[in-house]
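To be precise, the following lines are input-v9.txt, and they hold compact mmCIF, C-alpha atoms and all ligand atoms.
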# COMPACT_ATOMS: atom_id res chain seq x y z
CA MET M 1 -12.08 -14.32 -10.71
CA ASN M 2 -11.90 -10.84 -9.28
CA PRO M 3 -8.63 -8.90 -8.98
CA ILE M 4 -6.32 -9.13 -6.02
CA GLY M 5 -5.33 -5.78 -4.52
CA VAL M 6 -1.70 -5.66 -3.39
CA PHE M 7 -1.11 -3.01 -0.75
CA GLY M 8 2.57 -2.57 0.05
CA GLY M 9 3.84 -0.20 2.71
CA THR M 10 6.26 0.25 5.52
CA PHE M 11 3.27 0.19 7.90
CA ASP M 12 5.44 1.78 10.57
CA PRO M 13 2.78 1.74 12.02
CA ILE M 14 -0.39 0.80 10.11
CA HIS M 15 -3.23 3.31 10.66
CA TYR M 16 -6.80 4.08 9.61
CA GLY M 17 -5.57 5.94 6.48
CA HIS M 18 -4.27 2.58 5.21
CA LEU M 19 -7.17 0.51 6.48
CA ARG M 20 -9.95 2.74 5.19
CA THR M 21 -8.25 3.04 1.78
CA ALA M 22 -7.93 -0.75 1.49
CA TYR M 23 -11.53 -1.30 2.61
CA GLU M 24 -13.01 1.25 0.21
CA MET M 25 -11.04 -0.29 -2.66
CA LEU M 26 -12.05 -3.82 -1.70
CA GLN M 27 -15.70 -2.79 -1.91
CA ALA M 28 -15.78 -0.26 -4.74
CA LEU M 29 -13.38 -2.03 -7.10
CA LYS M 30 -14.79 -5.47 -6.24
CA PHE M 31 -11.47 -6.99 -5.32
CA GLU M 32 -11.38 -10.62 -4.26
CA GLU M 33 -9.04 -9.61 -1.46
CA VAL M 34 -6.52 -6.96 -0.45
CA ARG M 35 -3.13 -8.35 0.49
CA PHE M 36 -1.17 -6.17 2.93
CA VAL M 37 2.51 -6.64 2.16
CA PRO M 38 4.75 -5.07 4.83
CA CYS M 39 7.99 -3.90 3.31
CA GLY M 40 11.16 -5.69 4.45
CA LYS M 41 13.87 -3.17 3.61
CA PRO M 42 12.51 -0.03 1.91
CA PRO M 43 14.79 0.85 -1.02
CA HIS M 44 13.91 4.57 -1.14
CA ARG M 45 13.94 5.64 2.48
CA ILE M 46 15.61 5.12 5.83
CA ASP M 47 15.10 1.83 7.63
CA PRO M 48 11.80 1.46 9.50
CA PHE M 49 11.78 2.41 13.18
CA ALA M 50 9.91 -0.69 14.40
CA ASP M 51 11.45 -4.06 13.52
CA SER M 52 9.82 -6.38 10.97
CA LYS M 53 8.31 -8.64 13.60
CA THR M 54 6.56 -5.76 15.37
CA ARG M 55 5.31 -4.18 12.12
CA LEU M 56 3.95 -7.56 11.01
CA ALA M 57 2.26 -8.06 14.39
CA MET M 58 0.62 -4.63 14.02
CA VAL M 59 -0.64 -5.42 10.50
CA ASN M 60 -1.98 -8.77 11.70
CA ALA M 61 -3.73 -7.16 14.66
CA ALA M 62 -5.24 -4.41 12.52
CA THR M 63 -6.64 -6.70 9.82
CA GLN M 64 -7.65 -9.71 11.89
CA GLY M 65 -11.25 -10.78 11.37
CA GLN M 66 -11.88 -8.55 8.34
CA ARG M 67 -13.14 -10.62 5.43
CA GLY M 68 -11.05 -9.96 2.32
CA PHE M 69 -8.02 -8.66 4.21
CA VAL M 70 -4.99 -10.93 3.90
CA VAL M 71 -1.51 -10.40 5.35
CA ASP M 72 1.37 -11.42 3.09
CA ASP M 73 4.80 -11.46 4.72
CA ARG M 74 6.84 -12.49 1.67
CA GLU M 75 9.01 -9.33 1.65
CA LEU M 76 10.13 -9.84 5.22
CA TYR M 77 12.03 -13.02 4.34
CA ARG M 78 13.80 -11.68 1.27
CA GLU M 79 17.41 -10.51 1.38
CA GLY M 80 18.28 -7.04 0.09
CA PRO M 81 16.02 -4.11 -0.76
CA SER M 82 12.29 -4.89 -1.15
CA TYR M 83 11.59 -3.89 -4.72
CA SER M 84 7.88 -3.95 -5.64
CA VAL M 85 8.72 -5.38 -9.04
CA ASP M 86 10.23 -8.49 -7.37
CA THR M 87 7.21 -8.87 -5.09
CA LEU M 88 4.88 -8.66 -8.07
CA LYS M 89 6.94 -11.24 -9.98
CA THR M 90 6.49 -13.78 -7.18
CA LEU M 91 2.79 -12.92 -6.85
CA ARG M 92 2.42 -13.39 -10.60
CA MET M 93 3.92 -16.88 -10.21
CA ASP M 94 1.45 -17.66 -7.43
CA PHE M 95 -1.53 -16.25 -9.36
CA PRO M 96 -0.73 -16.67 -13.06
CA LEU M 97 -4.26 -16.00 -14.34
CA ARG M 98 -5.39 -13.30 -11.96
CA SER M 99 -5.68 -9.58 -12.36
CA LEU M 100 -3.32 -7.98 -9.83
CA ALA M 101 -3.72 -4.36 -8.74
CA LEU M 102 -0.93 -2.59 -6.90
CA ILE M 103 -2.48 -0.06 -4.50
CA ILE M 104 -0.47 3.09 -3.80
CA GLY M 105 -1.22 6.54 -2.44
CA MET M 106 -0.86 9.59 -4.69
CA ASP M 107 2.34 10.63 -2.84
CA ALA M 108 3.91 7.27 -3.71
CA PHE M 109 2.64 7.42 -7.31
CA ILE M 110 4.40 10.77 -7.86
CA GLY M 111 7.68 9.02 -6.98
CA LEU M 112 7.02 5.99 -9.22
CA PRO M 113 9.59 6.89 -11.92
CA LYS M 114 12.30 6.50 -9.27
CA TRP M 115 11.25 2.92 -8.47
CA HIS M 116 13.41 0.01 -9.61
CA GLN M 117 12.23 -1.21 -13.06
CA TRP M 118 9.08 0.83 -12.69
CA ARG M 119 7.84 0.29 -16.23
CA GLU M 120 7.87 -3.47 -15.72
CA ILE M 121 5.46 -3.05 -12.82
CA LEU M 122 2.69 -2.32 -15.30
CA GLU M 123 3.50 -5.50 -17.21
CA LEU M 124 2.82 -7.44 -14.03
CA ALA M 125 -0.09 -5.55 -12.48
CA HIS M 126 -2.48 -2.64 -12.72
CA VAL M 127 -1.69 0.36 -10.55
CA VAL M 128 -4.55 1.75 -8.49
CA VAL M 129 -3.84 5.15 -6.98
CA ALA M 130 -5.58 6.48 -3.87
CA HIS M 131 -6.03 10.23 -3.62
CA ARG M 132 -4.24 11.56 -0.55
CA PRO M 133 -4.69 15.01 1.04
CA GLY M 134 -2.31 17.57 -0.41
CA TRP M 135 -1.32 15.59 -3.53
CA ARG M 136 -2.51 16.09 -7.13
CA ALA M 137 -2.29 13.75 -10.11
CA PRO M 138 0.53 14.85 -12.46
CA ASP M 139 -0.50 15.99 -15.94
CA ILE M 140 2.99 16.52 -17.39
CA GLY M 141 6.25 14.54 -17.51
CA PRO M 142 6.56 10.75 -17.68
CA LEU M 143 3.65 10.19 -15.30
CA GLY M 144 1.37 12.59 -17.17
CA GLU M 145 2.21 10.67 -20.35
CA LEU M 146 1.67 7.35 -18.63
CA LEU M 147 -1.73 8.45 -17.35
CA GLU M 148 -2.66 9.54 -20.84
CA ASN M 149 -1.68 6.16 -22.34
CA ARG M 150 -2.58 3.76 -19.57
CA GLY M 151 -5.14 5.64 -17.44
CA THR M 152 -8.69 4.35 -17.26
CA HIS M 153 -11.88 5.44 -15.51
CA ARG M 154 -13.52 2.03 -15.92
CA VAL M 155 -13.36 -0.48 -13.07
CA ASP M 156 -14.18 -3.15 -15.67
CA ASP M 157 -10.77 -2.67 -17.26
CA LEU M 158 -9.17 -3.85 -14.01
CA HIS M 159 -11.25 -7.03 -14.18
CA ARG M 160 -10.94 -7.79 -17.87
CA SER M 161 -7.14 -7.71 -18.16
CA LYS M 162 -4.45 -8.90 -15.76
CA SER M 163 -2.24 -5.80 -15.82
CA GLY M 164 -1.38 -2.57 -17.57
CA HIS M 165 -3.96 0.04 -16.49
CA ILE M 166 -3.72 2.94 -14.07
CA TYR M 167 -6.85 3.82 -12.16
CA ILE M 168 -7.17 6.75 -9.77
CA HIS M 169 -9.71 6.21 -7.03
CA ASP M 170 -11.17 8.79 -4.65
CA VAL M 171 -11.07 7.54 -1.10
CA THR M 172 -12.18 9.23 2.09
CA GLN M 173 -9.42 11.72 2.83
CA LEU M 174 -7.91 10.92 6.19
CA GLU M 175 -4.95 13.08 6.93
CA ILE M 176 -3.12 10.49 9.01
CA SER M 177 0.50 9.51 8.53
CA SER M 178 2.81 7.06 10.26
CA THR M 179 5.34 9.88 10.72
CA ASP M 180 2.83 11.96 12.72
CA ILE M 181 1.91 8.93 14.80
CA ARG M 182 5.55 8.20 15.65
CA ASP M 183 5.99 11.86 16.63
CA LEU M 184 2.97 11.66 18.94
CA VAL M 185 4.33 8.59 20.69
CA LYS M 186 7.81 10.10 21.03
CA THR M 187 6.27 13.05 22.86
CA SER M 188 4.32 10.74 25.20
CA ARG M 189 0.94 11.30 23.58
CA THR M 190 -1.30 8.43 22.56
CA PRO M 191 -2.34 7.77 18.94
CA ARG M 192 -5.71 6.37 20.02
CA PHE M 193 -8.50 6.74 17.39
CA LEU M 194 -5.96 7.07 14.56
CA MET M 195 -5.61 3.29 14.44
CA PRO M 196 -7.25 0.20 15.97
CA ASP M 197 -6.77 -0.16 19.72
CA ALA M 198 -4.97 -3.47 19.17
CA VAL M 199 -2.22 -1.60 17.26
CA CYS M 200 -2.02 1.08 19.99
CA ASN M 201 -1.51 -1.68 22.55
CA ILE M 202 1.39 -3.21 20.59
CA ILE M 203 3.05 0.22 20.34
CA ASP M 204 2.57 0.71 24.05
CA GLU M 205 3.83 -2.70 25.10
CA SER M 206 6.80 -2.90 22.72
CA GLY M 207 7.94 0.71 23.21
CA CYS M 208 8.93 0.61 19.53
CA TYR M 209 8.52 4.40 18.98
CA ASP M 210 9.57 5.66 22.39
CA SER M 211 12.78 7.19 21.06
CA ASP M 212 14.65 7.60 17.73
P1 LIG U 301 5.36 7.63 6.65
O1 LIG U 301 4.67 8.79 7.33
O2 LIG U 301 6.31 6.87 7.56
O3 LIG U 301 5.96 8.01 5.32
P2 LIG U 301 2.81 6.60 5.62
O4 LIG U 301 1.76 7.01 6.60
O5 LIG U 301 2.91 7.35 4.32
O6 LIG U 301 4.24 6.52 6.34
P3 LIG U 301 3.38 4.05 4.36
O7 LIG U 301 3.44 2.74 5.07
O8 LIG U 301 4.64 4.63 3.88
O9 LIG U 301 2.60 5.06 5.34
O10 LIG U 301 2.32 3.98 3.20
C1 LIG U 301 1.98 2.83 2.48
C2 LIG U 301 1.05 3.23 1.37
O11 LIG U 301 -0.15 3.78 1.90
C3 LIG U 301 1.64 4.31 0.44
O12 LIG U 301 1.27 3.99 -0.89
C4 LIG U 301 0.96 5.58 0.91
O13 LIG U 301 0.82 6.51 -0.14
C5 LIG U 301 -0.40 5.06 1.36
N1 LIG U 301 -0.98 5.87 2.43
C6 LIG U 301 -0.41 6.17 3.62
N2 LIG U 301 -1.23 6.94 4.37
C7 LIG U 301 -2.35 7.14 3.65
C8 LIG U 301 -3.58 7.88 3.88
N3 LIG U 301 -3.78 8.59 5.01
N4 LIG U 301 -4.51 7.87 2.90
C9 LIG U 301 -4.28 7.19 1.74
N5 LIG U 301 -3.16 6.48 1.46
C10 LIG U 301 -2.20 6.45 2.40

Can you turn what I pasted into structure tokens?
Amino acid sequence: MNPIGVFGGTFDPIHYGHLRTAYEMLQALKFEEVRFVPCGKPPHRIDPFADSKTRLAMVNAATQGQRGFVVDDRELYREGPSYSVDTLKTLRMDFPLRSLALIIGMDAFIGLPKWHQWREILELAHVVVAHRPGWRAPDIGPLGELLENRGTHRVDDLHRSKSGHIYIHDVTQLEISSTDIRDLVKTSRTPRFLMPDAVCNIIDESGCYDSD
């Protein structure tokens, strides 16, 4: 049974930086599937601009028809802040014997020590980190130490155990961010070719980023 990749994000909106990262991991790390888990209420940042329903619709539209891409809306129905550790606990209940791999970008990994019960995350899942333009892996501090103790360069380690390793994976560097996309829309420009057309259409029709 191959690992399940768990890709959490605000996806406000989802774009090709997310999709290409997930696809490359699905293939290179031989994941059974990548589950896109849109965040309900982000604990570490301001509320999303688009509402949950619209963000979910965009994730559905972007992933539809791609084998191995699964949309998981469990965070959208939970009260309170969406802590990754809680999401992983419920996934662990659903998949008790599976290897789980939390996918995060390097920018998010750098902030990991600020996450709620962050050390427990590694008891529940592996952490797979995608390189992102402008961000370097830390070699000092708690994350440097963690990488020293838990880091691996072997994909096999992600398959052989259910949790506990950190793996850094090079993905095609696409300098796309949701923030830049929202800024484009706000200034009446179209984000076409940064995301699937189906997502562009939802942005257009809903007007979700037309103003602050
Ligand atoms: P924002 O600009 O609003 O902060 P974002 O583009 O970073 O949004 P998120 O939904 O916050 O998107 O990101 C979800 C996850 O995807 C995070 O772990 C983030 O590091 C990662 N990610 C986002 N954009 C990219 C990209 N271009 N390449 C690789 N990883 C990315």

What are the closest atom pairs, with distances in Å to one decimal, for each residue of chain M lying within 7 Å of ligand LIG 301 (chain U), using only C-alpha atoms and all ligand atoms, rows by chain and rising residue number, as CSV?
residue,atom,partner,partner_atom,distance
M:Phe7,CA,U:LIG301,C2,6.9
M:Gly8,CA,U:LIG301,C1,6.0
M:Gly9,CA,U:LIG301,C1,3.6
M:Thr10,CA,U:LIG301,O7,3.8
M:Phe11,CA,U:LIG301,O7,3.8
M:Asp12,CA,U:LIG301,O7,5.9
M:Ile14,CA,U:LIG301,O7,6.6
M:Gly17,CA,U:LIG301,N3,3.5
M:His18,CA,U:LIG301,C7,5.2
M:Thr21,CA,U:LIG301,C9,5.7
M:Ile103,CA,U:LIG301,O12,6.6
M:Ile104,CA,U:LIG301,O12,3.5
M:Gly105,CA,U:LIG301,O13,3.1
M:Met106,CA,U:LIG301,O13,5.7
M:Asp107,CA,U:LIG301,O13,5.2
M:Ala108,CA,U:LIG301,O13,4.8
M:Ala130,CA,U:LIG301,C9,5.8
M:His131,CA,U:LIG301,C9,6.4
M:Arg132,CA,U:LIG301,C9,4.9
M:Gln173,CA,U:LIG301,N4,6.2
M:Leu174,CA,U:LIG301,N3,4.9
M:Glu175,CA,U:LIG301,N3,5.0
M:Ile176,CA,U:LIG301,N3,4.5
M:Ser177,CA,U:LIG301,O4,3.4
M:Ser178,CA,U:LIG301,O4,3.8
M:Thr179,CA,U:LIG301,O1,3.6
M:Asp180,CA,U:LIG301,O1,6.5

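Residue nearest M:Arg160, chosen from M:Gln64, M:His126, M:Arg78, M:Lys89 and counting all atoms listed in the file: M:His126.
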
Ranking M:Val6, M:Met93, M:Leu124, M:Met58 by minimum distance to M:Asn201 and counting all atoms listed in the file, which one comes first?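 The answer is M:Met58, which sits nearest to M:Asn201.
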
Suppose you want the space between atom CA of M:Glu32 and atom CA of M:Met195; what is it in Å? 24.0 Å

Pick the closest to M:Arg182 from M:Phe49, M:Phe95, M:Trp118, M:Phe36: which is it, counting all atoms listed in the file?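 Under the stated criterion, the closest residue is M:Phe49.
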
Any idea what's packed within 10 Å of M:Phe31, counting only C-alpha atoms, ignoring anything in its chain fewer than 3 positions away? Could you give it as a CSV table (one decimal) with C-alpha atoms, keeping the file's coordinate frame?
chain,number,residue,atom,x,y,z
M,1,MET,CA,-12.1,-14.3,-10.7
M,2,ASN,CA,-11.9,-10.8,-9.3
M,3,PRO,CA,-8.6,-8.9,-9.0
M,4,ILE,CA,-6.3,-9.1,-6.0
M,5,GLY,CA,-5.3,-5.8,-4.5
M,22,ALA,CA,-7.9,-0.8,1.5
M,23,TYR,CA,-11.5,-1.3,2.6
M,25,MET,CA,-11.0,-0.3,-2.7
M,26,LEU,CA,-12.0,-3.8,-1.7
M,27,GLN,CA,-15.7,-2.8,-1.9
M,28,ALA,CA,-15.8,-0.3,-4.7
M,34,VAL,CA,-6.5,-7.0,-0.4
M,68,GLY,CA,-11.0,-10.0,2.3
M,99,SER,CA,-5.7,-9.6,-12.4
M,100,LEU,CA,-3.3,-8.0,-9.8
M,101,ALA,CA,-3.7,-4.4,-8.7
M,158,LEU,CA,-9.2,-3.8,-14.0
M,159,HIS,CA,-11.2,-7.0,-14.2

Do you have the atom CA of M:Ile168-atom CA of M:Val128 distance handy?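 Interatomic distance here is 5.8 Å.
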
Option closest in space to M:Val129, from M:Leu29, M:Pro38, M:Leu97, M:Ile203 [counting all atoms listed in the file]: M:Leu29

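For the pair atom CA of M:Ser84 and atom CA of M:Val71, the separation is 15.8 Å.
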
How would you write as a PyMOL selection string the residues that get within 12 Å of (-1.2, 0.0, 17.4) in the file's frame, counting all atoms listed in the file? chain M and resi 11-16+50+54-63+178+181-182+185+190-209

I want to know what sits within 12 Å of M:Asp47, based on only C-alpha atoms, with residues of the same chain fewer than 2 positions away left out; could you give that as a short mmCIF file (atom, residue, chain, number, x, y, z; two decimals) with C-alpha atoms, in the frame of the given file?
data_model
loop_
_atom_site.label_atom_id
_atom_site.label_comp_id
_atom_site.auth_asym_id
_atom_site.auth_seq_id
_atom_site.Cartn_x
_atom_site.Cartn_y
_atom_site.Cartn_z
CA THR M 10 6.26 0.25 5.52
CA PHE M 11 3.27 0.19 7.90
CA ASP M 12 5.44 1.78 10.57
CA CYS M 39 7.99 -3.90 3.31
CA GLY M 40 11.16 -5.69 4.45
CA LYS M 41 13.87 -3.17 3.61
CA PRO M 42 12.51 -0.03 1.91
CA PRO M 43 14.79 0.85 -1.02
CA HIS M 44 13.91 4.57 -1.14
CA ARG M 45 13.94 5.64 2.48
CA PHE M 49 11.78 2.41 13.18
CA ALA M 50 9.91 -0.69 14.40
CA ASP M 51 11.45 -4.06 13.52
CA SER M 52 9.82 -6.38 10.97
CA PRO M 81 16.02 -4.11 -0.76
CA SER M 82 12.29 -4.89 -1.15
CA ASP M 212 14.65 7.60 17.73
#
